[in-house]
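Enquirer: This is the structure, below, for whatever I ask next.
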Amino acid sequence: MKHTLPFYLKLACVLIILIACGFLAIIGKTVLAPLLFALLFALLLLPLSNFFENKLKFPRSLAAIISVIIFLIGVAIIIYSLSSQMADLTKEWPLLKAQVGSLFQNLETWFETTFNVNIHKQTEYIDKTTSKVLSSSGSIIEQTVVSVSTLLLLLIFTLIYTFFILFYRRHLMSFIVAAFTDKHLSVIYEISEEIKFIVRKYITGLFFEMAILVALSSLIFWLIGIKYVFLLALLVGVLNLIPYLGIYTALFIGICITFATSDLHHALYLAIAVIGIHLVDSNFLMPKIVGSQIRINPLIIILGVVVGEMVWGIPGMFLSVPYLAMAKIILDRVEGMTAWGILLGEEEEPSRKIKIKFGKSKKKSKS
C-alpha cells in the first residue's frame with residue numbers, strides 16, 4: 001500500500017532543504033560561486049569544444065583549453081573597452097568638479113530661499129560630512145582593493161573550473177547516471193539535454209540581446225549629442241544582464257556621467273532615451289530573444305535576484321535566473337515536485353484535469 005505524506009510535512013521538508021542550501025551557499029560562497037559560473041560557461045562552450053574534439057580531432061584537453069582561451073579573449077575585449085573609456089572619462093575630472101560645485105551652489109541658494117536655512121550653516125554641515133567621508137576614505141580604498149582582488153580570483157577560478165568541467169564532462173555524467181537506478185535513466189538524460197539546450201540558448205540570447213542594446217544605445221546617444229557614447233551604451237548593455245534592477249543602475253550612472261560632462265538637458269535626454277530603450281527591450285527584444293527560452297514568472301525572477309544579491313551580492317544576481325530555469329526543468333520532471341515547477345513557471349490556462357476537478361467541486365457544493 002502506497003503512503004503519501006501530508007502537505008504540511010512535505011512543505012516542512014522543502015523549507016528545511018531550502019534553509020540548509022541557503023546556509024551552505026553562504027558559508028561556501030568562495031567555492032560555489034566560481035563553480036556555478038563555470039558550469040554555465042562550460043555548457044555555453046560545449047559545442048565549441050565538441051567541434052575542436054570531433055571535427056578537428058584535437059585531444060579533449062587541448063579542445064577544452066582553446067575553448068576557454070577564446071572565451072577569455074572575449075571577456076578581455078569587454079574589460080579593455082570599459083577601462084579605456086573610463087580612462088578617457090578621468091580626463092573630465094576638472095569639469096566634473098566645476099559642475100558639482102555649481103550644482104551645490106544652486107542647491108544652497110534654493111535651500112536658503114525655500115527653508116530659510118543660512119548658507120553658512122549649510123557649509124558647516126557639508127564640511128563635517130566631507131571630513132567624515134575623508135576620514136573613512138582609507139577603509140573605502142581598502143574595500144575597493146579587496147573587491148577587485150576578489151573579482152580577479154573569481155575569474156581565475158571560474159576559468160580553471162570551466163576547463164575541468166569540459167575535460168571531465170563524460171566522467172561527471174557517468175557519476176550522475178550511476179547515482180540513480182535504471183528506471184530513472186531516461187528522465188536523467190532528458191533533463192540533462194534540456195538543461196544544456198535551455199542554458200545555451202539563454203546565455204547566447206543574452207549576449208545577442210546585449211549586442212543589440214549596445215548598438216541601439218550607441219546610435220541614440222550619438223544622435224542626441226552625448227559624450228562617451230560607447231561607454232554609456234556598454235553600461236546599458238552589460239547591466240541589463242541583471243533582470244529588472246540593472247537598467248535602473250545604468251540609468252543612474254549614465255545620468256551622473258552625462259551631467260558631469262555635459263549639462264542637465266543632455267542628462268534628461270539620456271534618461272528619456274534609456275527608459276525608451278528599456279521599454280523596447282522588455283516588450284520586444286526580451287520576449288523574442290530570451291523570454292522564449294526561460295519561462296519563469298516575473299515575481300519569482302525578482303525574488304531570485306533579491307535573494308541572490310542577499311546571499312552572494314552581484315554574482316548571485318547574475319546566477320539567479322539561469323539556475324531558477326534549471327530548477328524548473330528538474331521540478332517539472334520529478335515525481336511529486338510538479339507543483340513547485342508550476343509555481344516557478346508562467347501563468348497558463350488551467351489544464352483540462354483541473355477544470356474537471358473544479359467543476360466536480362462546484363457540483364458537490366451546489367448539492
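Residue numbering restarts at 1 for every chain of the C-alpha cells, chains are lettered A, B, ... in their displayed order, and ligands are numbered from 1 as they appear.
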Please report, as a Markdown table, each residue of segment 194-279 of chain A lying at most 8 Å from segment 307-331 of chain A, together with the nearest pair of atoms and the separation in Å rounded to one decimal; use only C-alpha atoms, and order rows by chain and ascending residue number.
Expert:
| residue | atom | partner | partner_atom | distance |
| --- | --- | --- | --- | --- |
| A:Glu194 | CA | A:Ile329 | CA | 7.5 |
| A:Ile195 | CA | A:Met326 | CA | 6.1 |
| A:Val199 | CA | A:Pro322 | CA | 6.6 |
| A:Tyr202 | CA | A:Pro322 | CA | 7.7 |
| A:Leu241 | CA | A:Phe318 | CA | 7.1 |
| A:Ile242 | CA | A:Phe318 | CA | 5.9 |
Enquirer: Using all heavy atoms, can you export the residues from the last selection as an mmCIF file, in the first residue's frame?
Expert:
data_model
loop_
_atom_site.group_PDB
_atom_site.id
_atom_site.type_symbol
_atom_site.label_atom_id
_atom_site.label_comp_id
_atom_site.auth_asym_id
_atom_site.auth_seq_id
_atom_site.Cartn_x
_atom_site.Cartn_y
_atom_site.Cartn_z
ATOM 1 N N GLU A 194 17.859 18.878 -21.889
ATOM 2 C CA GLU A 194 17.079 20.120 -21.890
ATOM 3 C C GLU A 194 17.811 21.233 -21.160
ATOM 4 O O GLU A 194 17.749 22.394 -21.569
ATOM 5 C CB GLU A 194 15.709 19.886 -21.255
ATOM 6 C CG GLU A 194 14.800 21.092 -21.388
ATOM 7 C CD GLU A 194 13.343 20.769 -21.161
ATOM 8 O OE1 GLU A 194 13.016 19.586 -20.991
ATOM 9 O OE2 GLU A 194 12.533 21.717 -21.156
ATOM 10 N N ILE A 195 18.509 20.907 -20.075
ATOM 11 C CA ILE A 195 19.290 21.927 -19.371
ATOM 12 C C ILE A 195 20.373 22.483 -20.283
ATOM 13 O O ILE A 195 20.582 23.699 -20.361
ATOM 14 C CB ILE A 195 19.892 21.337 -18.073
ATOM 15 C CG1 ILE A 195 18.809 21.198 -17.004
ATOM 16 C CG2 ILE A 195 21.024 22.224 -17.552
ATOM 17 C CD1 ILE A 195 19.301 20.554 -15.729
ATOM 18 N N VAL A 199 20.036 26.429 -21.232
ATOM 19 C CA VAL A 199 21.082 27.325 -20.727
ATOM 20 C C VAL A 199 21.895 27.907 -21.875
ATOM 21 O O VAL A 199 22.217 29.104 -21.898
ATOM 22 C CB VAL A 199 21.989 26.569 -19.733
ATOM 23 C CG1 VAL A 199 23.207 27.404 -19.367
ATOM 24 C CG2 VAL A 199 21.204 26.224 -18.479
ATOM 25 N N TYR A 202 19.788 30.436 -23.615
ATOM 26 C CA TYR A 202 19.590 31.601 -22.756
ATOM 27 C C TYR A 202 20.819 32.504 -22.741
ATOM 28 O O TYR A 202 20.716 33.721 -22.896
ATOM 29 C CB TYR A 202 19.259 31.135 -21.337
ATOM 30 C CG TYR A 202 19.203 32.255 -20.326
ATOM 31 C CD1 TYR A 202 18.164 33.176 -20.339
ATOM 32 C CD2 TYR A 202 20.191 32.389 -19.362
ATOM 33 C CE1 TYR A 202 18.115 34.202 -19.416
ATOM 34 C CE2 TYR A 202 20.141 33.414 -18.431
ATOM 35 C CZ TYR A 202 19.090 34.316 -18.458
ATOM 36 O OH TYR A 202 19.053 35.326 -17.542
ATOM 37 N N LEU A 241 22.006 42.730 -18.116
ATOM 38 C CA LEU A 241 22.050 41.300 -17.817
ATOM 39 C C LEU A 241 21.448 40.986 -16.451
ATOM 40 O O LEU A 241 21.036 39.861 -16.194
ATOM 41 C CB LEU A 241 23.494 40.789 -17.871
ATOM 42 C CG LEU A 241 24.192 40.875 -19.236
ATOM 43 C CD1 LEU A 241 25.637 40.402 -19.111
ATOM 44 C CD2 LEU A 241 23.464 40.053 -20.281
ATOM 45 N N ILE A 242 21.420 42.008 -15.555
ATOM 46 C CA ILE A 242 20.768 41.842 -14.256
ATOM 47 C C ILE A 242 19.289 42.141 -14.446
ATOM 48 O O ILE A 242 18.926 43.265 -14.761
ATOM 49 C CB ILE A 242 21.369 42.787 -13.198
ATOM 50 C CG1 ILE A 242 22.866 42.550 -13.057
ATOM 51 C CG2 ILE A 242 20.673 42.589 -11.859
ATOM 52 C CD1 ILE A 242 23.549 43.526 -12.126
#
Enquirer: Which of these, A:Val274, A:Leu82, A:Ala12, A:Ala42, has the shortest distance to Phe230 of chain A once you count only C-alpha atoms?
Expert: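 Smallest distance to Phe230 of chain A is found for A:Leu82.
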Enquirer: Need to verify the contact set: segment 175-188 of chain A, 9 Å, only C-alpha atoms, exclusion of same-chain residues closer than 4 positions in sequence. Can you return it as a ChimeraX atom specification?
Expert: /A:170-171,192-193,333-334
Enquirer: Check the smallest atom-to-atom distance from each of A:Leu46, A:Leu268, A:Ile78, A:Leu152 to Ala63 of chain A using only C-alpha atoms, then report the winner.
Expert: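 Ranking A:Leu46, A:Leu268, A:Ile78, A:Leu152 by distance to Ala63 of chain A, first place goes to A:Leu46.
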Enquirer: What is the distance, in Å and to one decimal place, between atom CA of Pro59 of chain A and atom CA of Ile191 of chain A?
Expert: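 So the answer is 27.7 Å.
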Enquirer: Could you work out how far atom CA of Leu232 of chain A lies from atom CA of Ile253 of chain A, giving the answer in Å with one decimal?
Expert: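 Taking atom CA of Ile253 of chain A as the start and atom CA of Leu232 of chain A as the end point, the length is 8.4 Å.
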Enquirer: If you count only C-alpha atoms, which residues fall within 10 Å of Ile275 of chain A, apart from same-chain ones fewer than 5 positions away, as a CSV table (one decimal) with all heavy atoms, in the first residue's frame?
Expert:
chain,number,residue,atom,x,y,z
A,247,ILE,N,19.0,47.9,-15.4
A,247,ILE,CA,18.7,49.0,-16.2
A,247,ILE,C,18.6,50.3,-15.4
A,247,ILE,O,19.0,51.4,-15.9
A,247,ILE,CB,17.4,48.8,-17.1
A,247,ILE,CG1,17.4,49.8,-18.2
A,247,ILE,CG2,16.2,48.8,-16.2
A,247,ILE,CD1,18.4,49.6,-19.3
A,248,TYR,N,18.1,50.2,-14.2
A,248,TYR,CA,18.0,51.4,-13.4
A,248,TYR,C,19.4,51.8,-12.8
A,248,TYR,O,19.6,53.0,-12.7
A,248,TYR,CB,17.0,51.2,-12.2
A,248,TYR,CG,15.6,50.9,-12.7
A,248,TYR,CD1,15.1,49.6,-12.7
A,248,TYR,CD2,14.8,51.9,-13.3
A,248,TYR,CE1,13.8,49.3,-13.1
A,248,TYR,CE2,13.6,51.6,-13.8
A,248,TYR,CZ,13.1,50.3,-13.7
A,248,TYR,OH,11.8,50.0,-14.2
A,251,LEU,N,20.9,53.6,-15.7
A,251,LEU,CA,20.2,54.9,-15.8
A,251,LEU,C,20.9,55.9,-14.9
A,251,LEU,O,21.2,57.0,-15.2
A,251,LEU,CB,18.7,54.8,-15.6
A,251,LEU,CG,17.9,56.1,-15.6
A,251,LEU,CD1,18.0,56.7,-17.0
A,251,LEU,CD2,16.5,55.8,-15.2
A,270,LEU,N,19.2,61.8,-22.0
A,270,LEU,CA,19.7,60.4,-21.8
A,270,LEU,C,18.7,59.6,-21.0
A,270,LEU,O,18.5,58.4,-21.3
A,270,LEU,CB,21.1,60.4,-21.1
A,270,LEU,CG,21.7,59.0,-20.8
A,270,LEU,CD1,23.1,58.9,-21.3
A,270,LEU,CD2,21.6,58.7,-19.3
A,280,VAL,N,11.5,49.2,-25.2
A,280,VAL,CA,11.7,48.4,-26.4
A,280,VAL,C,12.2,47.0,-26.0
A,280,VAL,O,11.8,45.9,-26.6
A,280,VAL,CB,12.6,49.1,-27.4
A,280,VAL,CG1,12.9,48.2,-28.6
A,280,VAL,CG2,11.9,50.4,-27.9
A,281,ASP,N,13.2,47.0,-25.1
A,281,ASP,CA,13.8,45.7,-24.8
A,281,ASP,C,12.9,44.8,-24.0
A,281,ASP,O,12.8,43.6,-24.3
A,281,ASP,CB,15.1,46.0,-23.9
A,281,ASP,CG,15.7,44.7,-23.3
A,281,ASP,OD1,16.1,43.9,-24.1
A,281,ASP,OD2,15.7,44.6,-22.1
Enquirer: I'd like the interatomic distance between atom CA of Leu219 of chain A and atom CA of Leu234 of chain A, to a tenth of an Å.
Expert: 12.0 Å
Enquirer: Extract the full set of alpha helix (DSSP H) residues from segment 248-286 of chain A according to DSSP on the backbone, and format it as a PyMOL selection string.
Expert: chain A and resi 248-261+264-280
Enquirer: Quick one: write out the picked residues with N, CA and C atoms as a PDB file, in the first residue's frame?
Expert:
ATOM      1  N   TYR A 248      18.098  50.212 -14.205  1.00  0.00           N
ATOM      2  CA  TYR A 248      17.988  51.415 -13.374  1.00  0.00           C
ATOM      3  C   TYR A 248      19.359  51.833 -12.837  1.00  0.00           C
ATOM      4  N   THR A 249      20.212  50.875 -12.599  1.00  0.00           N
ATOM      5  CA  THR A 249      21.594  51.199 -12.225  1.00  0.00           C
ATOM      6  C   THR A 249      22.305  51.892 -13.376  1.00  0.00           C
ATOM      7  N   ALA A 250      22.128  51.378 -14.596  1.00  0.00           N
ATOM      8  CA  ALA A 250      22.716  52.010 -15.776  1.00  0.00           C
ATOM      9  C   ALA A 250      22.157  53.414 -15.979  1.00  0.00           C
ATOM     10  N   LEU A 251      20.872  53.593 -15.704  1.00  0.00           N
ATOM     11  CA  LEU A 251      20.240  54.908 -15.836  1.00  0.00           C
ATOM     12  C   LEU A 251      20.861  55.908 -14.865  1.00  0.00           C
ATOM     13  N   PHE A 252      21.057  55.485 -13.618  1.00  0.00           N
ATOM     14  CA  PHE A 252      21.631  56.384 -12.609  1.00  0.00           C
ATOM     15  C   PHE A 252      23.075  56.758 -12.961  1.00  0.00           C
ATOM     16  N   ILE A 253      23.884  55.756 -13.314  1.00  0.00           N
ATOM     17  CA  ILE A 253      25.283  56.033 -13.673  1.00  0.00           C
ATOM     18  C   ILE A 253      25.351  56.915 -14.911  1.00  0.00           C
ATOM     19  N   GLY A 254      24.511  56.639 -15.903  1.00  0.00           N
ATOM     20  CA  GLY A 254      24.518  57.432 -17.130  1.00  0.00           C
ATOM     21  C   GLY A 254      24.142  58.878 -16.885  1.00  0.00           C
ATOM     22  N   ILE A 255      23.147  59.108 -16.031  1.00  0.00           N
ATOM     23  CA  ILE A 255      22.743  60.481 -15.714  1.00  0.00           C
ATOM     24  C   ILE A 255      23.889  61.219 -15.025  1.00  0.00           C
ATOM     25  N   CYS A 256      24.547  60.557 -14.080  1.00  0.00           N
ATOM     26  CA  CYS A 256      25.664  61.203 -13.364  1.00  0.00           C
ATOM     27  C   CYS A 256      26.793  61.559 -14.325  1.00  0.00           C
ATOM     28  N   ILE A 257      27.195  60.631 -15.207  1.00  0.00           N
ATOM     29  CA  ILE A 257      28.293  60.886 -16.131  1.00  0.00           C
ATOM     30  C   ILE A 257      27.912  61.978 -17.129  1.00  0.00           C
ATOM     31  N   THR A 258      26.694  61.944 -17.639  1.00  0.00           N
ATOM     32  CA  THR A 258      26.264  62.936 -18.631  1.00  0.00           C
ATOM     33  C   THR A 258      26.146  64.313 -18.012  1.00  0.00           C
ATOM     34  N   PHE A 259      25.625  64.383 -16.796  1.00  0.00           N
ATOM     35  CA  PHE A 259      25.542  65.684 -16.128  1.00  0.00           C
ATOM     36  C   PHE A 259      26.930  66.259 -15.850  1.00  0.00           C
ATOM     37  N   ALA A 260      27.873  65.376 -15.499  1.00  0.00           N
ATOM     38  CA  ALA A 260      29.229  65.844 -15.192  1.00  0.00           C
ATOM     39  C   ALA A 260      29.978  66.300 -16.433  1.00  0.00           C
ATOM     40  N   THR A 261      29.685  65.712 -17.589  1.00  0.00           N
ATOM     41  CA  THR A 261      30.451  66.020 -18.805  1.00  0.00           C
ATOM     42  C   THR A 261      29.689  66.917 -19.774  1.00  0.00           C
ATOM     43  N   LEU A 264      22.472  69.562 -17.700  1.00  0.00           N
ATOM     44  CA  LEU A 264      21.264  68.921 -17.196  1.00  0.00           C
ATOM     45  C   LEU A 264      20.333  68.503 -18.327  1.00  0.00           C
ATOM     46  N   HIS A 265      20.283  69.294 -19.404  1.00  0.00           N
ATOM     47  CA  HIS A 265      19.389  68.963 -20.514  1.00  0.00           C
ATOM     48  C   HIS A 265      19.793  67.633 -21.173  1.00  0.00           C
ATOM     49  N   HIS A 266      21.102  67.457 -21.395  1.00  0.00           N
ATOM     50  CA  HIS A 266      21.558  66.203 -22.002  1.00  0.00           C
ATOM     51  C   HIS A 266      21.336  65.012 -21.056  1.00  0.00           C
ATOM     52  N   ALA A 267      21.461  65.256 -19.743  1.00  0.00           N
ATOM     53  CA  ALA A 267      21.180  64.188 -18.782  1.00  0.00           C
ATOM     54  C   ALA A 267      19.709  63.781 -18.847  1.00  0.00           C
ATOM     55  N   LEU A 268      18.825  64.778 -19.025  1.00  0.00           N
ATOM     56  CA  LEU A 268      17.397  64.472 -19.171  1.00  0.00           C
ATOM     57  C   LEU A 268      17.131  63.706 -20.465  1.00  0.00           C
ATOM     58  N   TYR A 269      17.785  64.133 -21.551  1.00  0.00           N
ATOM     59  CA  TYR A 269      17.632  63.409 -22.822  1.00  0.00           C
ATOM     60  C   TYR A 269      18.087  61.957 -22.683  1.00  0.00           C
ATOM     61  N   LEU A 270      19.203  61.761 -21.980  1.00  0.00           N
ATOM     62  CA  LEU A 270      19.707  60.400 -21.785  1.00  0.00           C
ATOM     63  C   LEU A 270      18.720  59.564 -20.976  1.00  0.00           C
ATOM     64  N   ALA A 271      18.132  60.169 -19.925  1.00  0.00           N
ATOM     65  CA  ALA A 271      17.161  59.430 -19.114  1.00  0.00           C
ATOM     66  C   ALA A 271      15.970  58.985 -19.963  1.00  0.00           C
ATOM     67  N   ILE A 272      15.466  59.890 -20.799  1.00  0.00           N
ATOM     68  CA  ILE A 272      14.336  59.537 -21.670  1.00  0.00           C
ATOM     69  C   ILE A 272      14.742  58.433 -22.648  1.00  0.00           C
ATOM     70  N   ALA A 273      15.975  58.534 -23.195  1.00  0.00           N
ATOM     71  CA  ALA A 273      16.446  57.534 -24.159  1.00  0.00           C
ATOM     72  C   ALA A 273      16.588  56.165 -23.508  1.00  0.00           C
ATOM     73  N   VAL A 274      17.152  56.116 -22.295  1.00  0.00           N
ATOM     74  CA  VAL A 274      17.343  54.829 -21.612  1.00  0.00           C
ATOM     75  C   VAL A 274      15.998  54.194 -21.262  1.00  0.00           C
ATOM     76  N   ILE A 275      15.055  55.015 -20.805  1.00  0.00           N
ATOM     77  CA  ILE A 275      13.716  54.483 -20.494  1.00  0.00           C
ATOM     78  C   ILE A 275      13.054  53.937 -21.760  1.00  0.00           C
ATOM     79  N   GLY A 276      13.194  54.669 -22.878  1.00  0.00           N
ATOM     80  CA  GLY A 276      12.641  54.182 -24.143  1.00  0.00           C
ATOM     81  C   GLY A 276      13.292  52.890 -24.606  1.00  0.00           C
ATOM     82  N   ILE A 277      14.623  52.808 -24.470  1.00  0.00           N
ATOM     83  CA  ILE A 277      15.337  51.576 -24.831  1.00  0.00           C
ATOM     84  C   ILE A 277      14.882  50.416 -23.960  1.00  0.00           C
ATOM     85  N   HIS A 278      14.683  50.690 -22.671  1.00  0.00           N
ATOM     86  CA  HIS A 278      14.218  49.636 -21.755  1.00  0.00           C
ATOM     87  C   HIS A 278      12.826  49.141 -22.145  1.00  0.00           C
ATOM     88  N   LEU A 279      11.938  50.062 -22.554  1.00  0.00           N
ATOM     89  CA  LEU A 279      10.598  49.657 -22.978  1.00  0.00           C
ATOM     90  C   LEU A 279      10.661  48.773 -24.226  1.00  0.00           C
ATOM     91  N   VAL A 280      11.513  49.174 -25.183  1.00  0.00           N
ATOM     92  CA  VAL A 280      11.672  48.362 -26.393  1.00  0.00           C
ATOM     93  C   VAL A 280      12.237  46.984 -26.042  1.00  0.00           C
TER      94      VAL A 280
END
Enquirer: Counting only C-alpha atoms, what is within 9 Å of Pro34 of chain A, bar same-chain residues fewer than 2 positions away, as a VMD selection string?
Expert: chain A and resid 29 to 32 36 to 39 153 to 159 161 to 162
Enquirer: Counting only C-alpha atoms, which residue out of A:Leu15, A:Ala211, A:Ile160, A:Ala87 sits closest to Ile65 of chain A?
Expert: A:Ile160
Enquirer: Can you tell me, as a list in words, what residues are no more than 12 Å from Gln85 of chain A when counting only C-alpha atoms, ignoring any on the same chain fewer than 4 positions away?
Expert: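 Near Gln85 of chain A, the qualifying residues are Ile78, Ile79, Tyr80, Ser81, Leu89, Thr90, Lys91, Glu92, Lys227, Tyr228, Val229, Phe230, Leu231, Leu232, Ala233, Leu234, Leu235 and Ile257 of chain A.
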Enquirer: Now that the selection is made, can you save its residues with N, CA, C and O atoms as an mmCIF file, in the first residue's frame?
Expert:
data_model
loop_
_atom_site.group_PDB
_atom_site.id
_atom_site.type_symbol
_atom_site.label_atom_id
_atom_site.label_comp_id
_atom_site.auth_asym_id
_atom_site.auth_seq_id
_atom_site.Cartn_x
_atom_site.Cartn_y
_atom_site.Cartn_z
ATOM 1 N N ILE A 78 35.900 43.050 -23.680
ATOM 2 C CA ILE A 78 34.885 43.861 -22.990
ATOM 3 C C ILE A 78 35.524 44.677 -21.871
ATOM 4 O O ILE A 78 35.254 45.883 -21.722
ATOM 5 N N ILE A 79 36.405 44.040 -21.068
ATOM 6 C CA ILE A 79 37.052 44.753 -19.963
ATOM 7 C C ILE A 79 37.946 45.872 -20.495
ATOM 8 O O ILE A 79 37.971 46.987 -19.951
ATOM 9 N N TYR A 80 38.689 45.596 -21.577
ATOM 10 C CA TYR A 80 39.554 46.620 -22.157
ATOM 11 C C TYR A 80 38.743 47.803 -22.683
ATOM 12 O O TYR A 80 39.131 48.965 -22.502
ATOM 13 N N SER A 81 37.617 47.520 -23.321
ATOM 14 C CA SER A 81 36.770 48.602 -23.839
ATOM 15 C C SER A 81 36.263 49.488 -22.709
ATOM 16 O O SER A 81 36.296 50.727 -22.798
ATOM 17 N N LEU A 89 37.398 59.112 -19.407
ATOM 18 C CA LEU A 89 36.478 59.854 -18.552
ATOM 19 C C LEU A 89 37.205 60.577 -17.423
ATOM 20 O O LEU A 89 36.774 61.662 -16.991
ATOM 21 N N THR A 90 38.304 60.019 -16.937
ATOM 22 C CA THR A 90 39.040 60.673 -15.849
ATOM 23 C C THR A 90 39.634 62.012 -16.282
ATOM 24 O O THR A 90 39.914 62.870 -15.439
ATOM 25 N N LYS A 91 39.802 62.197 -17.590
ATOM 26 C CA LYS A 91 40.306 63.482 -18.074
ATOM 27 C C LYS A 91 39.296 64.605 -17.873
ATOM 28 O O LYS A 91 39.652 65.783 -17.932
ATOM 29 N N GLU A 92 38.038 64.229 -17.652
ATOM 30 C CA GLU A 92 36.988 65.212 -17.439
ATOM 31 C C GLU A 92 36.838 65.591 -15.968
ATOM 32 O O GLU A 92 35.852 66.234 -15.599
ATOM 33 N N LYS A 227 28.312 62.749 -24.744
ATOM 34 C CA LYS A 227 29.710 62.322 -24.739
ATOM 35 C C LYS A 227 29.824 60.884 -24.224
ATOM 36 O O LYS A 227 28.954 60.389 -23.521
ATOM 37 N N TYR A 228 30.950 60.258 -24.554
ATOM 38 C CA TYR A 228 31.269 58.897 -24.114
ATOM 39 C C TYR A 228 30.123 57.947 -24.474
ATOM 40 O O TYR A 228 29.560 57.242 -23.631
ATOM 41 N N VAL A 229 29.818 57.965 -25.764
ATOM 42 C CA VAL A 229 28.692 57.191 -26.281
ATOM 43 C C VAL A 229 28.882 55.698 -26.019
ATOM 44 O O VAL A 229 27.992 55.018 -25.488
ATOM 45 N N PHE A 230 30.056 55.170 -26.384
ATOM 46 C CA PHE A 230 30.264 53.725 -26.282
ATOM 47 C C PHE A 230 30.301 53.264 -24.832
ATOM 48 O O PHE A 230 29.794 52.183 -24.494
ATOM 49 N N LEU A 231 30.880 54.070 -23.939
ATOM 50 C CA LEU A 231 30.938 53.701 -22.521
ATOM 51 C C LEU A 231 29.532 53.572 -21.942
ATOM 52 O O LEU A 231 29.198 52.564 -21.294
ATOM 53 N N LEU A 232 28.695 54.570 -22.183
ATOM 54 C CA LEU A 232 27.337 54.548 -21.645
ATOM 55 C C LEU A 232 26.510 53.433 -22.287
ATOM 56 O O LEU A 232 25.713 52.771 -21.623
ATOM 57 N N ALA A 233 26.698 53.228 -23.597
ATOM 58 C CA ALA A 233 25.966 52.151 -24.272
ATOM 59 C C ALA A 233 26.399 50.787 -23.749
ATOM 60 O O ALA A 233 25.575 49.881 -23.568
ATOM 61 N N LEU A 234 27.698 50.629 -23.491
ATOM 62 C CA LEU A 234 28.191 49.356 -22.949
ATOM 63 C C LEU A 234 27.656 49.117 -21.541
ATOM 64 O O LEU A 234 27.320 47.976 -21.177
ATOM 65 N N LEU A 235 27.550 50.186 -20.747
ATOM 66 C CA LEU A 235 26.966 50.049 -19.413
ATOM 67 C C LEU A 235 25.505 49.609 -19.491
ATOM 68 O O LEU A 235 25.063 48.751 -18.728
ATOM 69 N N ILE A 257 27.195 60.631 -15.207
ATOM 70 C CA ILE A 257 28.293 60.886 -16.131
ATOM 71 C C ILE A 257 27.912 61.978 -17.129
ATOM 72 O O ILE A 257 28.703 62.884 -17.423
#
